[in-house]
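**Student:** Following this message is one structure expressed as structure tokens.
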Amino acid sequence: MASPTPNNICQPYGRSVGSRIRPALSWILALAVTCAGLVSQADTALQSPPGTPNFSSALQKSLAQALANKGPAYKPRTRNLNPDGSPIYSNRLLLEASPYLQQHAHNPVNWYPWGDAAFEAARKRGIPVLVSIGYSTCHWCHVMEEESFDNPGTAKFLNENFVAIKVDREARPDIDAVYMQAVQAMGINGGWPLNVWVTPDRIPFYGGTYFPPTSQRGRPSFTQILTSIHTEYLKDPKRFETHAKTLARELAIQLSGKAGEASFSPSISDLKSTVHRYNTIADDEWGGLQQRVKFPSSLPVPLLLRWHQRSGDERTLAVASKSLEAMASGGIHDHLGGGFHRYSTDERWLVPHFEKMLYDQALLANAYLEGWQKTGNPRFAGVSRSILDYVLGELQAPGGAFYSATDADSARPDGEMEEGFFFTWTPAEVDAIVGPILGSQFRHWYGVSPLGDLDGRSVLRTWKTLGESAKRLGISPAALEANIETARVQLLEARSRRAPPLRDDKIIVEWNGLMISALAKAGFALNEERYITAARNAAKFILDRMRVEGRLQRIWLDGQSAGPAFLADYAFFIAGLLDLYEASANTRWLEEITSLQTVLDAHYADPLGGYYRTADDAETLLTREKPVRDGAVPSGNSVEALNLLRLGALTSNEDYRALGLQSLSSQGETIRKNATSVSELLVALDFALDTPKEIILVKGPQDDSTALVDVLRTSFVPNRVISIVDEGAERDAHAKRVPLLRYKTAQGGRTTAYVCQNQVCKLPTRDPEVFAAQLNATAHKVSADGEGNRTHD
């Protein structure tokens, strides 16, 4: 692939923390100019590879034992090997559980894990610290490792002049968030790998993302950056510390969410203006937004669908539908095995970076499910199923929870790693597996060509209609469809014999919460009990194995849990349990939600509204961050605001609703000034501005009809809560937590529906048509121009 630029590194959706910080940082920012000025000079010639670090005998013994425990089949991830294949170097990361840290365990860099020991070592030596942050499936993290961190010469200079720390951002999102915002405050694009230079007091003074081994197109090399920082730091370390503290003070204000707080009264105009902005910058040809690099979540399909539900604006529905269609047709979609890659490097959704993240699968499965409910397009339902089937087949761990991700890189037949090899094809490979006749049809349908899209290999996509392709090939559409499916199955089986991408086996509560939601919603809507069963098993795994003294642990790896848990872990898991309750009523889910919400309120809440990322007894970094903006996943505060509003409606507890509204109000300035950065929060705002439907189904003891449930499955009613119970003892047990269930009966012994708002119910019905009309009735209809009017049911 082409050398990376700031536009094709593994980027988050970050923006600068604020231009007002920059004048106070002019001296630090000048360091970037100094580094850039070195581009025209030759890279510093570094000495021969370093010797084994002078570790203590106890550490050497621990490393030797850890290496021995790997067993004879262990293949060290390094090019620095002894003749017998054993690694020349090992560092402290060999003792860590994180797959990402393990990937760097045999670098010649003297890596430390995050902790006091590293910073104390830097303080004693009087040198700065490099904090390098990434994750196990990040392609450019791997590239920089191979080019720089596994280079003995580069490592020698780094070891002599810095203390080096590796951080897995998926295990410690708090560290990543603080240093990411610091880098963005310096006017530097954020992304991963994230490399930040900090003082021994952990205060950042410079940073960046990927640095090449040699200067490229105005981008300084890693050794140039190291040399410049080392030289300047030696001259006057106090100057670094003084200016770094200026940055730290400003960041503390920004991260804590207390800057510029103002009273906020939510209104429909906030939704309207944001949706209008998305409609204006939408890519009408290829879907998504008008960007060269496209992330699926950059266009908030759920928000657009809700605005169409509220306003009837056809432009908004067209933008959402176009994006769902385009992503499903593009190379970002794995057409053989299901699921989606992380993002596209082009505007056509054609050539992705090939990581597959659990959170993307969950968010997209839900977007396609809601797209199907809203439009009735069966393709969207099929895509949602294929995503979830991929997850159940490839990412489900023993015990029922879900692994985190698979890598972008995979091994070619010669053993060399190449991004996307596992997923791409040549015409010869296709024909060798399915024969030339089926092969020609498959190649035409999926766009496999001799030229290819990536290093001579083709990324599968479906840009033609079945009718167009059938006409071109001279066969019927039905025959082509059957032949394509036959070939797809054969090629998928052949692909399974290739060396697969690395899988990150971490189980993360946050991302599992998202997948529990997706499975529960799809299981109910599509009437797929296996999805609900999978959601239930994942929830039980977390509740039974990933709590210590009632509090969640974020990670499960190698048979044990580890903390700390963060706001997003609680918020996403509570949301998952809410969706699981609505799909499969069980009082345990409500009891656990109450327990988890109590922990969240006790240890994470800001009295002014919203929640901090970390608990009140967690490690303190520059400040205690209060996350607001959405990124690759929604903000924990966005999800929790909706949780509270849903809980208020379901349990008739006004305290929950009040907390939800307070959370929205505390983020009002962001909604008003930068609403596109909090699109998921606007979903909560849409709920708050609506009068949510309280939908009760009481099943009769002798009634096995599913007619009413089937109506509910296919209806797009986003702002609602649901409880479906059997009449009798089950209803009475649930009514203790859902008071709306009291006195609701299965009239005449048959399943009966109750549609209520503000605890006032319409006439109960056993008629599916009447029930559908009640679900579709809108109390407050808003026109596309934002003007409201009242309609009668």
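Going by the structure tokens order, chains are called A, B, ..., each with residues numbered from 1, while ligands are numbered from 1 in the order shown.
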May I have the residues within 6 Å of range 661-677 of chain A as an NGL selection string, using only C-alpha atoms and disregarding those fewer than 3 positions away in the same chain?

**Tutor:** :A and (264 or 609-610 or 629-630 or 641 or 658)

**Student:** So that I have them on file, write out the residues from the current selection with C-alpha atoms, as a PDB file, in the first residue's frame.

**Tutor:**
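Saved the output as part.pdb:
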```
ATOM      1  CA  PHE A 264     -30.059  24.219  28.330  1.00  0.00           C
ATOM      2  CA  GLY A 609     -25.307  16.003  35.610  1.00  0.00           C
ATOM      3  CA  GLY A 610     -23.796  13.178  33.598  1.00  0.00           C
ATOM      4  CA  ARG A 629     -18.270  13.363  22.181  1.00  0.00           C
ATOM      5  CA  ASP A 630     -18.980  10.164  20.285  1.00  0.00           C
ATOM      6  CA  ALA A 641     -28.772   9.427  29.194  1.00  0.00           C
ATOM      7  CA  ALA A 658     -34.905  13.524  36.034  1.00  0.00           C
TER       8      ALA A 658
END
```

**Student:** Please, which residues in range 606-692 of chain A fall within 12 Å of range 505-518 of chain A when counting only C-alpha atoms, and what is the closest atom pair and distance in Å to one decimal for each, ordered by chain then residue number, as a tab-separated table?

**Tutor:**
```
residue	atom	partner	partner_atom	distance
A:Ala632	CA	A:Trp511	CA	11.3
A:Val633	CA	A:Trp511	CA	8.9
A:Pro634	CA	A:Leu514	CA	10.1
A:Ser635	CA	A:Glu510	CA	11.0
A:Gly636	CA	A:Glu510	CA	9.2
A:Val639	CA	A:Leu514	CA	10.3
```

**Student:** What would the file look like if the residues just selected were written as a PDB file, in the first residue's frame with N, CA and C atoms?

**Tutor:**
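Dumped to part30.pdb:
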```pdb
ATOM      1  N   ALA A 632     -15.572   6.197  17.672  1.00  0.00           N
ATOM      2  CA  ALA A 632     -15.876   4.955  16.964  1.00  0.00           C
ATOM      3  C   ALA A 632     -17.078   4.266  17.597  1.00  0.00           C
ATOM      4  N   VAL A 633     -17.257   4.480  18.895  1.00  0.00           N
ATOM      5  CA  VAL A 633     -18.464   4.031  19.599  1.00  0.00           C
ATOM      6  C   VAL A 633     -19.096   5.261  20.249  1.00  0.00           C
ATOM      7  N   PRO A 634     -20.363   5.180  20.593  1.00  0.00           N
ATOM      8  CA  PRO A 634     -21.004   6.334  21.238  1.00  0.00           C
ATOM      9  C   PRO A 634     -20.366   6.642  22.583  1.00  0.00           C
ATOM     10  N   SER A 635     -20.503   7.868  23.007  1.00  0.00           N
ATOM     11  CA  SER A 635     -20.063   8.267  24.336  1.00  0.00           C
ATOM     12  C   SER A 635     -20.874   7.532  25.396  1.00  0.00           C
ATOM     13  N   GLY A 636     -20.201   7.169  26.476  1.00  0.00           N
ATOM     14  CA  GLY A 636     -20.912   6.542  27.571  1.00  0.00           C
ATOM     15  C   GLY A 636     -22.009   7.430  28.127  1.00  0.00           C
ATOM     16  N   VAL A 639     -25.179   7.160  25.845  1.00  0.00           N
ATOM     17  CA  VAL A 639     -25.936   5.917  26.056  1.00  0.00           C
ATOM     18  C   VAL A 639     -26.619   5.936  27.412  1.00  0.00           C
TER      19      VAL A 639
END
```

**Student:** Considering only C-alpha atoms, return as a PyMOL selection string whatever protein or nucleic-acid residues lie within 8 Å of Trp286 in chain A, sequence-local ones (same chain, fewer than 6 positions apart) excluded.

**Tutor:** chain A and resi 322-323+326+347-349

**Student:** For Thr462 in chain A, please output as a PyMOL selection string all residues within 12 Å (counting only C-alpha atoms; exclusion window: fewer than 5 positions along the same chain).

**Tutor:** chain A and resi 325-336+348-350+442-448+468-469+484

**Student:** Considering only C-alpha atoms, state which residue in the set A:Arg547, A:Arg731, A:Arg530, A:Arg249 is at the smallest distance from Leu392 in chain A.

**Tutor:**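 Checking each of A:Arg547, A:Arg731, A:Arg530, A:Arg249 against Leu392 in chain A, counting only C-alpha atoms, the winner is A:Arg530.
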
**Student:** When you count only C-alpha atoms, which of these residues is closest to Arg720 in chain A: A:Asp732, A:Asp579, A:Asp360, A:Asp116?

**Tutor:**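 Among the listed residues, A:Asp579 lies closest to Arg720 in chain A.
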
**Student:** Return as an NGL selection string the full set of residues in range 613-715 of chain A whose backbone-based DSSP assignment is helix (DSSP H, G or I).

**Tutor:** :A and (636-651 or 654-666 or 668-689 or 707-714)

**Student:** Compare A:Ile475, A:Ile88, A:Leu451, A:Ala565 by their minimum atom-to-atom distance to Leu438 in chain A, counting only C-alpha atoms, and give me the closest one.

**Tutor:**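 Between A:Ile475, A:Ile88, A:Leu451, A:Ala565, the residue approaching Leu438 in chain A most closely is A:Ile475.
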
**Student:** Would you list the contacts of Gly400 in chain A as a PyMOL selection string, taking every protein, DNA or RNA residue within 9 Å and counting only C-alpha atoms, but skipping same-chain residues closer than 5 positions in sequence?

**Tutor:** chain A and resi 534-541

**Student:** Could the residues in this selection be saved with N, CA and C atoms as a compact mmCIF listing (two decimals), in the first residue's frame?

**Tutor:**
```txt
# COMPACT_ATOMS: atom_id res chain seq x y z
N ALA A 534 -28.15 -16.23 22.58
CA ALA A 534 -26.76 -15.77 22.59
C ALA A 534 -26.62 -14.52 23.45
N ALA A 535 -27.56 -13.60 23.35
CA ALA A 535 -27.53 -12.39 24.19
C ALA A 535 -27.64 -12.76 25.66
N ARG A 536 -28.52 -13.69 25.95
CA ARG A 536 -28.72 -14.12 27.33
C ARG A 536 -27.45 -14.76 27.90
N ASN A 537 -26.80 -15.60 27.11
CA ASN A 537 -25.58 -16.26 27.58
C ASN A 537 -24.44 -15.28 27.82
N ALA A 538 -24.32 -14.29 26.94
CA ALA A 538 -23.28 -13.27 27.12
C ALA A 538 -23.55 -12.45 28.38
N ALA A 539 -24.80 -12.10 28.60
CA ALA A 539 -25.14 -11.34 29.81
C ALA A 539 -24.83 -12.14 31.07
N LYS A 540 -25.16 -13.42 31.07
CA LYS A 540 -24.87 -14.26 32.24
C LYS A 540 -23.37 -14.38 32.47
N PHE A 541 -22.60 -14.47 31.40
CA PHE A 541 -21.14 -14.56 31.54
C PHE A 541 -20.60 -13.34 32.27
```

**Student:** So which residues touch range 687-694 of chain A within 8 Å, counting only C-alpha atoms, skipping near sequence neighbours fewer than 3 positions away, as a list in words?

**Tutor:**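 Selected residues are Pro266, Ser267, Ile268, Leu642, Leu645, Ala649, Leu650, Leu661, Val683, Ala684, Asn719, Arg720, Val721, Ile722, Tyr754, Val755, Cys756, Gln757, Asn758, Gln759, Leu775, Ala779 and His780 of chain A.
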
**Student:** Write the residues you've just listed into a file as a CSV table (one decimal), in the first residue's frame, and include N, CA, C and O atoms for each of them.

**Tutor:**
```
chain,number,residue,atom,x,y,z
A,266,PRO,N,-33.8,21.6,26.0
A,266,PRO,CA,-33.8,20.9,24.7
A,266,PRO,C,-35.0,21.2,23.8
A,266,PRO,O,-36.1,21.5,24.4
A,267,SER,N,-34.8,21.3,22.5
A,267,SER,CA,-35.9,21.6,21.6
A,267,SER,C,-35.7,20.8,20.3
A,267,SER,O,-34.7,20.3,20.0
A,268,ILE,N,-36.8,20.8,19.6
A,268,ILE,CA,-36.8,20.0,18.3
A,268,ILE,C,-35.9,20.7,17.3
A,268,ILE,O,-35.3,20.1,16.5
A,642,LEU,N,-29.9,8.0,27.6
A,642,LEU,CA,-31.0,7.2,27.1
A,642,LEU,C,-31.4,6.1,28.0
A,642,LEU,O,-32.6,5.8,28.2
A,645,LEU,N,-33.7,7.6,30.7
A,645,LEU,CA,-35.0,8.0,30.2
A,645,LEU,C,-35.8,6.7,30.0
A,645,LEU,O,-37.0,6.7,30.3
A,649,ALA,N,-39.3,5.5,32.0
A,649,ALA,CA,-40.6,5.2,31.4
A,649,ALA,C,-41.0,3.7,31.7
A,649,ALA,O,-42.2,3.5,31.9
A,650,LEU,N,-40.1,2.8,31.8
A,650,LEU,CA,-40.4,1.4,32.1
A,650,LEU,C,-40.8,1.2,33.5
A,650,LEU,O,-41.8,0.5,33.8
A,661,LEU,N,-32.7,13.8,32.1
A,661,LEU,CA,-32.8,15.2,31.6
A,661,LEU,C,-31.7,16.0,32.1
A,661,LEU,O,-31.2,16.9,31.4
A,683,VAL,N,-30.1,11.0,19.9
A,683,VAL,CA,-31.1,10.0,20.0
A,683,VAL,C,-31.8,10.0,21.3
A,683,VAL,O,-33.0,9.8,21.4
A,684,ALA,N,-31.0,10.2,22.4
A,684,ALA,CA,-31.6,10.4,23.7
A,684,ALA,C,-32.5,11.6,23.8
A,684,ALA,O,-33.6,11.6,24.4
A,719,ASN,N,-39.1,5.2,20.2
A,719,ASN,CA,-39.3,5.8,21.5
A,719,ASN,C,-40.4,5.0,22.2
A,719,ASN,O,-41.5,5.5,22.3
A,720,ARG,N,-40.0,3.9,22.8
A,720,ARG,CA,-40.9,3.1,23.5
A,720,ARG,C,-40.2,2.2,24.6
A,720,ARG,O,-39.0,2.1,24.5
A,721,VAL,N,-41.0,1.7,25.5
A,721,VAL,CA,-40.5,0.6,26.3
A,721,VAL,C,-41.5,-0.6,26.2
A,721,VAL,O,-42.7,-0.3,25.9
A,722,ILE,N,-41.1,-1.8,26.4
A,722,ILE,CA,-41.9,-3.0,26.2
A,722,ILE,C,-41.8,-3.9,27.4
A,722,ILE,O,-40.7,-4.1,27.9
A,754,TYR,N,-51.7,-3.5,25.4
A,754,TYR,CA,-52.0,-2.2,26.0
A,754,TYR,C,-50.9,-1.2,25.5
A,754,TYR,O,-49.7,-1.4,25.7
A,755,VAL,N,-51.4,-0.1,24.9
A,755,VAL,CA,-50.4,0.9,24.4
A,755,VAL,C,-50.7,2.2,25.3
A,755,VAL,O,-51.9,2.7,25.2
A,756,CYS,N,-49.8,2.6,26.0
A,756,CYS,CA,-50.0,3.7,27.0
A,756,CYS,C,-48.9,4.8,26.8
A,756,CYS,O,-47.9,4.5,26.2
A,757,GLN,N,-49.3,6.0,27.2
A,757,GLN,CA,-48.3,7.1,27.3
A,757,GLN,C,-48.6,7.9,28.5
A,757,GLN,O,-49.7,8.2,28.9
A,758,ASN,N,-47.5,8.1,29.3
A,758,ASN,CA,-47.6,8.8,30.6
A,758,ASN,C,-48.5,8.0,31.5
A,758,ASN,O,-49.3,8.6,32.2
A,759,GLN,N,-48.5,6.7,31.4
A,759,GLN,CA,-49.3,5.8,32.2
A,759,GLN,C,-50.8,5.9,31.9
A,759,GLN,O,-51.6,5.3,32.7
A,775,LEU,N,-49.7,1.6,17.6
A,775,LEU,CA,-48.3,1.8,17.6
A,775,LEU,C,-47.8,2.9,16.6
A,775,LEU,O,-46.9,3.6,16.9
A,779,ALA,N,-48.4,11.3,18.4
A,779,ALA,CA,-49.1,12.4,19.2
A,779,ALA,C,-48.7,13.7,18.7
A,779,ALA,O,-49.5,14.7,18.6
A,780,HIS,N,-47.4,13.9,18.4
A,780,HIS,CA,-46.9,15.2,18.0
A,780,HIS,C,-46.1,15.0,16.7
A,780,HIS,O,-45.0,14.5,16.7
```

**Student:** Between CA of Asn80 in chain A and CA of Ser228 in chain A, what is the distance in Å, rounded to a tenth?

**Tutor:**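 For CA of Asn80 in chain A relative to CA of Ser228 in chain A, the distance reads 27.2 Å.
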
**Student:** Range 54-124 of chain A: which residues are strand (DSSP E or B) by DSSP, as a list of chain:residue names?

**Tutor:**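 Written out, the strand (DSSP E or B) residues of range 54-124 of chain A are A:Leu81, A:Pro87, A:Trp111, A:Tyr112, A:Pro113.
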
**Student:** Using all heavy atoms, can you export the residues from the last selection as a compact mmCIF listing (two decimals), in the first residue's frame?

**Tutor:**
```
# COMPACT_ATOMS: atom_id res chain seq x y z
N LEU A 81 15.81 -12.96 16.02
CA LEU A 81 15.74 -14.33 16.49
C LEU A 81 17.12 -14.96 16.55
O LEU A 81 18.01 -14.63 15.75
CB LEU A 81 14.85 -15.17 15.57
CG LEU A 81 13.38 -14.74 15.44
CD1 LEU A 81 12.69 -15.51 14.33
CD2 LEU A 81 12.65 -14.92 16.77
N PRO A 87 13.61 -15.92 20.70
CA PRO A 87 13.80 -14.47 20.59
C PRO A 87 15.11 -14.03 21.24
O PRO A 87 15.50 -14.52 22.30
CB PRO A 87 12.59 -13.90 21.34
CG PRO A 87 12.25 -14.96 22.34
CD PRO A 87 12.54 -16.27 21.66
N TRP A 111 10.43 -1.93 26.90
CA TRP A 111 9.08 -1.49 27.22
C TRP A 111 8.72 -1.75 28.69
O TRP A 111 9.05 -2.79 29.25
CB TRP A 111 8.04 -2.21 26.36
CG TRP A 111 8.02 -1.88 24.91
CD1 TRP A 111 8.31 -2.72 23.87
CD2 TRP A 111 7.64 -0.63 24.31
NE1 TRP A 111 8.15 -2.09 22.67
CE2 TRP A 111 7.73 -0.80 22.90
CE3 TRP A 111 7.24 0.61 24.81
CZ2 TRP A 111 7.43 0.22 22.01
CZ3 TRP A 111 6.94 1.62 23.92
CH2 TRP A 111 7.03 1.43 22.54
N TYR A 112 7.98 -0.81 29.26
CA TYR A 112 7.31 -0.99 30.53
C TYR A 112 5.80 -1.01 30.27
O TYR A 112 5.33 -0.33 29.35
CB TYR A 112 7.56 0.18 31.48
CG TYR A 112 8.90 0.23 32.16
CD1 TYR A 112 10.04 0.64 31.47
CD2 TYR A 112 9.03 -0.09 33.51
CE1 TYR A 112 11.27 0.73 32.10
CE2 TYR A 112 10.25 0.01 34.17
CZ TYR A 112 11.37 0.42 33.46
OH TYR A 112 12.59 0.51 34.09
N PRO A 113 5.02 -1.71 31.07
CA PRO A 113 3.58 -1.46 31.08
C PRO A 113 3.31 -0.16 31.84
O PRO A 113 4.17 0.34 32.57
CB PRO A 113 3.01 -2.67 31.84
CG PRO A 113 4.12 -3.06 32.77
CD PRO A 113 5.40 -2.77 32.03
```
